[in-house]
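Some notes on the structure that comes next.
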Amino acid sequence: MSSYLSLKGINKSYGDFVALDDVNLEIKKGEFVTFLGPSGSGKTTTLMIIAGFEKATRGEVEIEGLSLAGLDPQDRNIGIVFQNYALFPHKSAVENVYFPLQMRKVKRKEGMRRAEEMLELVGLKGFSHRHPKELSGGQQQRVALARALVFGPDLLLLDEPLGALDKNLREQMQIEIKRIQKKLGVTTIFVTHDQTEAMSMSDRIVIFSQGSIQQADAPLEIYHRPKTQFVADFIGESNLLAGKVVDAASGILSSPVLGDCTYSGDHQPAVENGQDVTIVLRPENLTISRDPIEGRMNGRMKIETIVNYGDNALVIGLSGGVPIRVRVLGADVVILSEGDECCFSWDEDAIFLVAE
Amino acid sequence: MNTLMRVIAYAVIIFIAAPLVIVVPMSLSTASSLQFPPPGYWLGYYASYFSDPGWLRPTWNSIVIASATTVLTMILVVPAAFALVRHKFWGKGVANLMLMMPMAVPHIVMAVGYYSVFGQMRLVHTHLGVILAHTCLSVPITFLVLSANLKGFDRTLERAARSLGASPLQTFGHVTLPILRPGLLISALFAFIQSFDETVVAIFISGRDAETLPRKMFDSIRQEADPVIAVISSLLFLIVAIALIAPHVVSALRGRFTTKGQEKALIAQ
Ligand SMILES: Nc1ncnc2c1ncn2[C@@H]1O[C@H](COP(=O)(O)OP(=O)(O)O)[C@@H](O)[C@H]1O
Ligand SMILES: [Mg+2]
């Protein structure tokens, strides 16, 4: 399928400060894409350039091959949900939702009917005449969503919309937003700094760091095959270990901590013999045992800390002076204690290389 | 500590209320000049206020001058407040200072200045002269009130409106203006009161033709201590009291109606 929204070589500078550095991205029609990255990495700036509130220093935003450059924000037909909701305090819920239709010269009667329908879709039937201050945070969020969707936008942008909600409400709203987005099929960009949120909601995750895109891939792809050290470190927990490729053809590497070991060749980045690489080992792919396990690769470590989470625990040990983190099931942790010497082992397909 | 605070609070209240306690009875007094306590009570001075053109004309002058001052002040201050709160530009600090200047300079100094400059421009003893001078004096307080309101205004609301299809003008009309309306009304009220209350400059430049109410009262108290002054003070007090109480009454009534309306809406489902 061809791309619907294209960001082509976008740069944005504030004086000497480069906020966005050559951002390129293709988004398909109906796709749910999440921008994920630490605060200050340029996510909001990118959204504001798409929406037309900021001007790119260089580069183009295109929808279906047509540049948006000449269009003012009000002519772009893009729905936005802001972090603080930005509901109009002097208008009731239904009047807020009617507003974009009013601006599009829809007759009041017809427009109010459509606004009511949209409020019903977001689960706010019966609240239409309340003013924003008479609604809870979650309800305000729903009104903001209804208002951004009622006019059939070509694109829906959400900038950390769930940031202000507590955990239960957040999870509920994640499911709701996903349900509504699927139902309407609207192409969506969702900004967050919460990776579980990104993992659970997205068709594709775009990782931002310091104004540039590190990787844009499906959630599991990002998790299991990080392209850069930043992504490997930022997504989930990982052990990042230095290593050197010994034989790229048959998948052999050597590492000060892991020793010589083999890795499976599937889906690894292109590497050459003798190249320095970062080895990514996820804590949940490591197993702890007293003695080396036959058929797996093994290392030795001394347990320093055990952090219990109830159903699972994080064991942090030292191996050759380098910390190794292992995730174990709650039941297994009782046999371990701090200060023990033990083995940790992994399969050859648990290893992933980052070439950078 | 608590009792001390209470004593101070009562002292302040008495200090503020005392003039009222004296003025209202005096306005109803039968005495031929200002006198307390009054020897007897009647409404005669109220009747003479409302029938004497010597009092009604300055009252009308004051209303006209204060209204025009309010309009002119708002025309100047609204764009100035938007520019100074929302934009960065060269000379912003100086502009801010200039706007505040009339507040720092004593009125008597301003009055002498207006007297000589407006004299040359033939604006002394004219409505226009007083309006221009009062506008200058109202700008600082009006600007202060409005810019405080504007600073508290969340600009993402305007972005939201734009993204929903409103042009900059529509955004101003549908979002910015309605939300800022209370602030605009209050700052306009400050401009009106500043002008209506102003005496020093009015004494210097309003003359016979543009004579304002405070000036007339001042002249009257100097010459004959006419009890009509007490009548006017009482009436002004009454107007202010009504203005202060009215919004509460209105919002209380409105609150009752809307809650009733909402209940109906909920029951209807
Ligand atoms: N108007 C501005 N002037 C100067 N720097 C800005 C401006 N807006 C954003 N920035 C900078 O650009 C960077 C990216 O900001 P932003 O896109 O808001 O990050 P994010 O949304 O990922 O947290 C930040 O370092 C921020 O300080
Ligand atoms: Mg942001």
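Ordering of the structure tokens sets the chain letters (A, B, ...); residue numbers start at 1 within each chain; ligands are numbered from 1 in the order shown.
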Collect all residues with atoms no farther than 8 Å from ligand 1, counting only C-alpha atoms and all ligand atoms, and output them as a CSV table (one decimal) with N, CA, C and O atoms, in the first residue's frame.
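Printed below is out08.csv as written:
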chain,number,residue,atom,x,y,z
A,13,SER,N,15.0,24.5,13.1
A,13,SER,CA,16.0,25.1,14.0
A,13,SER,C,15.4,26.2,14.8
A,13,SER,O,14.6,27.0,14.2
A,14,TYR,N,15.7,26.4,16.0
A,14,TYR,CA,15.4,27.6,16.8
A,14,TYR,C,16.7,28.3,17.0
A,14,TYR,O,17.5,27.9,17.9
A,15,GLY,N,17.0,29.3,16.2
A,15,GLY,CA,18.4,29.9,16.3
A,15,GLY,C,19.4,28.8,16.0
A,15,GLY,O,19.4,28.2,15.0
A,17,PHE,N,19.8,26.2,17.8
A,17,PHE,CA,19.4,24.9,18.3
A,17,PHE,C,18.6,24.1,17.3
A,17,PHE,O,17.7,24.6,16.7
A,18,VAL,N,19.1,22.9,17.0
A,18,VAL,CA,18.4,22.0,16.0
A,18,VAL,C,17.4,21.1,16.7
A,18,VAL,O,17.8,20.2,17.4
A,19,ALA,N,16.1,21.4,16.5
A,19,ALA,CA,15.1,20.7,17.2
A,19,ALA,C,14.7,19.4,16.4
A,19,ALA,O,14.4,18.4,17.0
A,20,LEU,N,14.8,19.5,15.1
A,20,LEU,CA,14.5,18.3,14.2
A,20,LEU,C,15.6,18.3,13.1
A,20,LEU,O,15.9,19.3,12.5
A,37,GLY,N,9.5,8.7,22.6
A,37,GLY,CA,10.9,9.3,22.8
A,37,GLY,C,10.9,10.1,24.0
A,37,GLY,O,9.9,10.5,24.5
A,38,PRO,N,12.1,10.3,24.6
A,38,PRO,CA,12.2,11.1,25.8
A,38,PRO,C,11.7,12.5,25.6
A,38,PRO,O,11.6,13.0,24.4
A,39,SER,N,11.4,13.2,26.6
A,39,SER,CA,10.9,14.6,26.5
A,39,SER,C,12.0,15.5,25.9
A,39,SER,O,13.2,15.3,26.2
A,40,GLY,N,11.6,16.3,25.0
A,40,GLY,CA,12.6,17.2,24.3
A,40,GLY,C,13.1,16.6,23.0
A,40,GLY,O,14.0,17.2,22.4
A,41,SER,N,12.6,15.4,22.7
A,41,SER,CA,13.2,14.8,21.5
A,41,SER,C,12.6,15.2,20.2
A,41,SER,O,13.0,14.8,19.1
A,42,GLY,N,11.6,16.1,20.2
A,42,GLY,CA,11.1,16.7,19.0
A,42,GLY,C,9.7,16.1,18.5
A,42,GLY,O,9.3,16.4,17.4
A,43,LYS,N,9.0,15.4,19.4
A,43,LYS,CA,7.8,14.8,19.0
A,43,LYS,C,6.7,15.9,18.8
A,43,LYS,O,6.0,15.9,17.7
A,44,THR,N,6.6,16.8,19.8
A,44,THR,CA,5.6,17.8,19.6
A,44,THR,C,5.9,18.7,18.5
A,44,THR,O,5.0,19.1,17.7
A,45,THR,N,7.2,19.1,18.3
A,45,THR,CA,7.5,19.9,17.2
A,45,THR,C,7.1,19.3,15.9
A,45,THR,O,6.6,20.0,15.0
A,46,THR,N,7.3,18.0,15.7
A,46,THR,CA,6.9,17.3,14.5
A,46,THR,C,5.4,17.5,14.3
A,46,THR,O,4.9,17.8,13.2
A,47,LEU,N,4.6,17.2,15.3
A,47,LEU,CA,3.2,17.3,15.2
A,47,LEU,C,2.8,18.7,14.8
A,47,LEU,O,1.9,18.9,14.0
A,159,ASP,N,-1.4,14.5,21.2
A,159,ASP,CA,-0.1,14.8,21.8
A,159,ASP,C,-0.2,14.5,23.3
A,159,ASP,O,-0.7,15.2,24.1
A,191,VAL,N,1.3,10.6,20.3
A,191,VAL,CA,2.6,10.9,20.9
A,191,VAL,C,2.5,10.4,22.4
A,191,VAL,O,1.5,10.7,23.1
A,208,PHE,N,11.9,8.6,18.6
A,208,PHE,CA,12.7,9.8,18.4
A,208,PHE,C,13.8,9.9,19.5
A,208,PHE,O,13.6,9.5,20.6
A,210,GLN,N,16.7,13.1,20.3
A,210,GLN,CA,17.4,14.3,19.9
A,210,GLN,C,17.1,14.8,18.5
A,210,GLN,O,18.0,15.1,17.7
A,211,GLY,N,15.8,14.9,18.2
A,211,GLY,CA,15.4,15.5,17.0
A,211,GLY,C,15.5,14.6,15.7
A,211,GLY,O,15.3,15.1,14.6
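Assigned to strand (DSSP E) in segment 34-125 of chain A, given DSSP computed from backbone atoms, are Thr34, Phe35, Leu36, Arg58, Gly59, Glu60, Val61, Glu62, Ile63, Leu66, Ser67, Ile78, Gly79, Ile80 and Val81 of chain A.
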Output N, CA, C and O atoms for every residue in that selection, as a PDB file, in the first residue's frame.
ATOM      1  N   THR A  34       2.702   5.573  16.561  1.00  0.00           N
ATOM      2  CA  THR A  34       3.045   6.242  17.809  1.00  0.00           C
ATOM      3  C   THR A  34       4.414   6.881  17.707  1.00  0.00           C
ATOM      4  O   THR A  34       5.340   6.256  17.196  1.00  0.00           O
ATOM      5  N   PHE A  35       4.507   8.126  18.166  1.00  0.00           N
ATOM      6  CA  PHE A  35       5.817   8.756  18.325  1.00  0.00           C
ATOM      7  C   PHE A  35       6.241   8.536  19.769  1.00  0.00           C
ATOM      8  O   PHE A  35       5.563   8.970  20.692  1.00  0.00           O
ATOM      9  N   LEU A  36       7.361   7.868  19.946  1.00  0.00           N
ATOM     10  CA  LEU A  36       7.834   7.566  21.291  1.00  0.00           C
ATOM     11  C   LEU A  36       9.243   8.122  21.439  1.00  0.00           C
ATOM     12  O   LEU A  36      10.063   7.977  20.528  1.00  0.00           O
ATOM     13  N   ARG A  58      13.313  23.434   6.818  1.00  0.00           N
ATOM     14  CA  ARG A  58      13.462  22.780   5.515  1.00  0.00           C
ATOM     15  C   ARG A  58      12.556  21.575   5.475  1.00  0.00           C
ATOM     16  O   ARG A  58      12.215  21.015   6.519  1.00  0.00           O
ATOM     17  N   GLY A  59      12.191  21.110   4.276  1.00  0.00           N
ATOM     18  CA  GLY A  59      11.437  19.873   4.155  1.00  0.00           C
ATOM     19  C   GLY A  59       9.961  20.103   3.887  1.00  0.00           C
ATOM     20  O   GLY A  59       9.476  21.233   3.932  1.00  0.00           O
ATOM     21  N   GLU A  60       9.257  19.018   3.587  1.00  0.00           N
ATOM     22  CA  GLU A  60       7.865  19.087   3.149  1.00  0.00           C
ATOM     23  C   GLU A  60       6.992  18.110   3.922  1.00  0.00           C
ATOM     24  O   GLU A  60       7.432  17.013   4.259  1.00  0.00           O
ATOM     25  N   VAL A  61       5.755  18.510   4.176  1.00  0.00           N
ATOM     26  CA  VAL A  61       4.739  17.568   4.644  1.00  0.00           C
ATOM     27  C   VAL A  61       3.762  17.379   3.496  1.00  0.00           C
ATOM     28  O   VAL A  61       3.276  18.353   2.928  1.00  0.00           O
ATOM     29  N   GLU A  62       3.496  16.118   3.138  1.00  0.00           N
ATOM     30  CA  GLU A  62       2.568  15.868   2.038  1.00  0.00           C
ATOM     31  C   GLU A  62       1.484  14.905   2.470  1.00  0.00           C
ATOM     32  O   GLU A  62       1.743  13.958   3.215  1.00  0.00           O
ATOM     33  N   ILE A  63       0.258  15.165   2.023  1.00  0.00           N
ATOM     34  CA  ILE A  63      -0.815  14.186   2.177  1.00  0.00           C
ATOM     35  C   ILE A  63      -1.240  13.773   0.780  1.00  0.00           C
ATOM     36  O   ILE A  63      -1.560  14.622  -0.054  1.00  0.00           O
ATOM     37  N   LEU A  66       0.339  15.671  -2.069  1.00  0.00           N
ATOM     38  CA  LEU A  66       0.170  17.119  -2.192  1.00  0.00           C
ATOM     39  C   LEU A  66       0.780  17.818  -0.980  1.00  0.00           C
ATOM     40  O   LEU A  66       0.478  17.465   0.159  1.00  0.00           O
ATOM     41  N   SER A  67       1.618  18.816  -1.247  1.00  0.00           N
ATOM     42  CA  SER A  67       2.280  19.524  -0.155  1.00  0.00           C
ATOM     43  C   SER A  67       1.275  20.357   0.640  1.00  0.00           C
ATOM     44  O   SER A  67       0.363  20.965   0.080  1.00  0.00           O
ATOM     45  N   ILE A  78      -7.157  18.623   9.927  1.00  0.00           N
ATOM     46  CA  ILE A  78      -6.457  17.707  10.818  1.00  0.00           C
ATOM     47  C   ILE A  78      -7.034  17.869  12.220  1.00  0.00           C
ATOM     48  O   ILE A  78      -7.140  18.988  12.717  1.00  0.00           O
ATOM     49  N   GLY A  79      -7.439  16.764  12.823  1.00  0.00           N
ATOM     50  CA  GLY A  79      -7.970  16.815  14.192  1.00  0.00           C
ATOM     51  C   GLY A  79      -6.847  16.669  15.196  1.00  0.00           C
ATOM     52  O   GLY A  79      -5.970  15.831  15.024  1.00  0.00           O
ATOM     53  N   ILE A  80      -6.861  17.504  16.239  1.00  0.00           N
ATOM     54  CA  ILE A  80      -5.801  17.423  17.246  1.00  0.00           C
ATOM     55  C   ILE A  80      -6.412  17.291  18.632  1.00  0.00           C
ATOM     56  O   ILE A  80      -7.349  18.006  18.977  1.00  0.00           O
ATOM     57  N   VAL A  81      -5.851  16.365  19.432  1.00  0.00           N
ATOM     58  CA  VAL A  81      -6.202  16.300  20.849  1.00  0.00           C
ATOM     59  C   VAL A  81      -4.970  16.746  21.619  1.00  0.00           C
ATOM     60  O   VAL A  81      -3.905  16.146  21.500  1.00  0.00           O
TER      61      VAL A  81
END
Practice task
Hey, list the chain B side of the contact with chain A: 6 Å cut-off, only C-alpha atoms, answer as an NGL selection string.
Solution key: :B and (157 or 162-166)
Handout entry: Exercise: Cys136 of chain B partners within 10 Å, only C-alpha atoms, chain neighbours under 6 positions left out, as a ChimeraX atom specification
Key = /B:69,72-73,76,99-103,110,130,195
Restricting it to N, CA, C and O atoms, dump the selection as a PDB file, in the first residue's frame.
ATOM      1  N   THR B  69     -14.144  58.272  27.755  1.00  0.00           N
ATOM      2  CA  THR B  69     -12.824  57.868  28.245  1.00  0.00           C
ATOM      3  C   THR B  69     -12.685  56.348  28.219  1.00  0.00           C
ATOM      4  O   THR B  69     -11.659  55.804  27.798  1.00  0.00           O
ATOM      5  N   LEU B  72     -12.296  55.147  24.571  1.00  0.00           N
ATOM      6  CA  LEU B  72     -10.982  55.501  24.032  1.00  0.00           C
ATOM      7  C   LEU B  72      -9.871  54.682  24.706  1.00  0.00           C
ATOM      8  O   LEU B  72      -8.962  54.172  24.039  1.00  0.00           O
ATOM      9  N   THR B  73      -9.984  54.532  26.027  1.00  0.00           N
ATOM     10  CA  THR B  73      -8.983  53.753  26.761  1.00  0.00           C
ATOM     11  C   THR B  73      -8.934  52.315  26.241  1.00  0.00           C
ATOM     12  O   THR B  73      -7.861  51.768  25.993  1.00  0.00           O
ATOM     13  N   LEU B  76      -7.236  51.880  22.975  1.00  0.00           N
ATOM     14  CA  LEU B  76      -5.771  51.931  23.072  1.00  0.00           C
ATOM     15  C   LEU B  76      -5.201  50.717  23.797  1.00  0.00           C
ATOM     16  O   LEU B  76      -4.188  50.149  23.404  1.00  0.00           O
ATOM     17  N   LEU B  99       3.557  53.116  29.242  1.00  0.00           N
ATOM     18  CA  LEU B  99       2.157  52.867  29.577  1.00  0.00           C
ATOM     19  C   LEU B  99       1.887  53.092  31.060  1.00  0.00           C
ATOM     20  O   LEU B  99       0.811  53.517  31.456  1.00  0.00           O
ATOM     21  N   MET B 100       2.894  52.773  31.879  1.00  0.00           N
ATOM     22  CA  MET B 100       2.713  52.837  33.330  1.00  0.00           C
ATOM     23  C   MET B 100       2.989  54.226  33.891  1.00  0.00           C
ATOM     24  O   MET B 100       2.638  54.528  35.027  1.00  0.00           O
ATOM     25  N   MET B 101       3.634  55.056  33.089  1.00  0.00           N
ATOM     26  CA  MET B 101       4.112  56.354  33.562  1.00  0.00           C
ATOM     27  C   MET B 101       3.043  57.204  34.255  1.00  0.00           C
ATOM     28  O   MET B 101       3.285  57.723  35.344  1.00  0.00           O
ATOM     29  N   PRO B 102       1.838  57.358  33.670  1.00  0.00           N
ATOM     30  CA  PRO B 102       0.847  58.245  34.288  1.00  0.00           C
ATOM     31  C   PRO B 102       0.527  57.848  35.724  1.00  0.00           C
ATOM     32  O   PRO B 102       0.020  58.654  36.500  1.00  0.00           O
ATOM     33  N   MET B 103       0.809  56.592  36.073  1.00  0.00           N
ATOM     34  CA  MET B 103       0.522  56.132  37.416  1.00  0.00           C
ATOM     35  C   MET B 103       1.566  56.678  38.395  1.00  0.00           C
ATOM     36  O   MET B 103       1.279  56.905  39.562  1.00  0.00           O
ATOM     37  N   MET B 110       0.526  66.405  36.399  1.00  0.00           N
ATOM     38  CA  MET B 110      -0.133  66.175  35.112  1.00  0.00           C
ATOM     39  C   MET B 110      -1.111  67.321  34.827  1.00  0.00           C
ATOM     40  O   MET B 110      -1.201  67.817  33.705  1.00  0.00           O
ATOM     41  N   VAL B 130     -10.880  67.095  28.526  1.00  0.00           N
ATOM     42  CA  VAL B 130     -10.988  66.266  29.738  1.00  0.00           C
ATOM     43  C   VAL B 130     -10.913  64.785  29.372  1.00  0.00           C
ATOM     44  O   VAL B 130     -10.254  63.980  30.047  1.00  0.00           O
ATOM     45  N   SER B 195     -12.193  57.765  35.581  1.00  0.00           N
ATOM     46  CA  SER B 195     -12.577  59.059  35.016  1.00  0.00           C
ATOM     47  C   SER B 195     -13.664  59.731  35.855  1.00  0.00           C
ATOM     48  O   SER B 195     -13.579  60.913  36.168  1.00  0.00           O
TER      49      SER B 195
END
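Interatomic distance, atom CA of Cys261 of chain A to atom CA of Arg225 of chain A: 19.1 Å.
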Problem - All helix (DSSP H, G or I) residues (DSSP, backbone) inside segment 101-180 of chain A, as a PyMOL selection string - result: chain A and resi 101-103+108-121+132-134+137-149+167-180
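Atom to atom, atom CA of Leu97 of chain B and atom CA of Leu123 of chain B stand 26.7 Å apart.
Atom CA of Phe344 of chain A is positioned 5.3 Å from atom CA of Gly299 of chain A.
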Exercise for the section: For Ser250 of chain A, please output as a PyMOL selection string all residues within 10 Å (counting only C-alpha atoms; exclusion window: fewer than 5 positions along the same chain). Expected result: chain A and resi 262-265
Output C-alpha atoms for every residue in the selection just made, as a JSON list (two decimals), in the first residue's frame.
[["chain", "number", "residue", "atom", "x", "y", "z"],
["A", 262, "THR", "CA", 27.46, -18.32, 18.56],
["A", 263, "TYR", "CA", 24.43, -16.36, 17.48],
["A", 264, "SER", "CA", 21.68, -17.15, 15.03],
["A", 265, "GLY", "CA", 22.10, -15.35, 11.73]]
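Near segment 196-199 of chain B, within 8 Å and counting only C-alpha atoms, sit Ser62, Ile63, Ile65, Ala66, His134, Phe192, Ile203, Leu213, Pro214 and Arg215 of chain B; same-chain residues fewer than 4 positions away were not included.
For Trp346 of chain A, the residues within 10 Å (counting only C-alpha atoms, excluding itself and residues fewer than 3 positions away along the chain) are Leu281, Arg282, Pro283, Glu284, Asn285, Leu286, Thr287, Ile288, Ile293, Gly295, Arg296, Met297, Asn298, Gly299, Asp349, Ala350 and Ile351 of chain A.
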Exercise for the section: Name the residues in contact with Ser33 of chain B at a cut-off of 7 Å, using only C-alpha atoms, excluding same-chain residues fewer than 2 positions from it; report them as number ranges by chain. Expected result: B: 31, 35, 225-227
For the residues in that selection, give me N, CA, C and O atoms as an mmCIF file, in the first residue's frame.
data_model
loop_
_atom_site.group_PDB
_atom_site.id
_atom_site.type_symbol
_atom_site.label_atom_id
_atom_site.label_comp_id
_atom_site.auth_asym_id
_atom_site.auth_seq_id
_atom_site.Cartn_x
_atom_site.Cartn_y
_atom_site.Cartn_z
ATOM 1 N N ALA B 31 -31.185 70.308 57.676
ATOM 2 C CA ALA B 31 -30.278 71.440 57.876
ATOM 3 C C ALA B 31 -29.928 72.108 56.550
ATOM 4 O O ALA B 31 -29.923 71.457 55.509
ATOM 5 N N GLN B 35 -24.288 69.068 58.159
ATOM 6 C CA GLN B 35 -24.312 69.147 59.624
ATOM 7 C C GLN B 35 -24.610 67.765 60.174
ATOM 8 O O GLN B 35 -25.483 67.045 59.672
ATOM 9 N N ALA B 225 -21.256 74.481 51.217
ATOM 10 C CA ALA B 225 -21.499 73.189 51.852
ATOM 11 C C ALA B 225 -22.936 72.724 51.654
ATOM 12 O O ALA B 225 -23.630 72.346 52.584
ATOM 13 N N ASP B 226 -23.416 72.788 50.412
ATOM 14 C CA ASP B 226 -24.773 72.392 50.034
ATOM 15 C C ASP B 226 -25.011 70.916 50.372
ATOM 16 O O ASP B 226 -24.250 70.055 49.935
ATOM 17 N N PRO B 227 -26.060 70.569 51.146
ATOM 18 C CA PRO B 227 -26.297 69.155 51.508
ATOM 19 C C PRO B 227 -26.562 68.270 50.289
ATOM 20 O O PRO B 227 -26.557 67.043 50.417
#
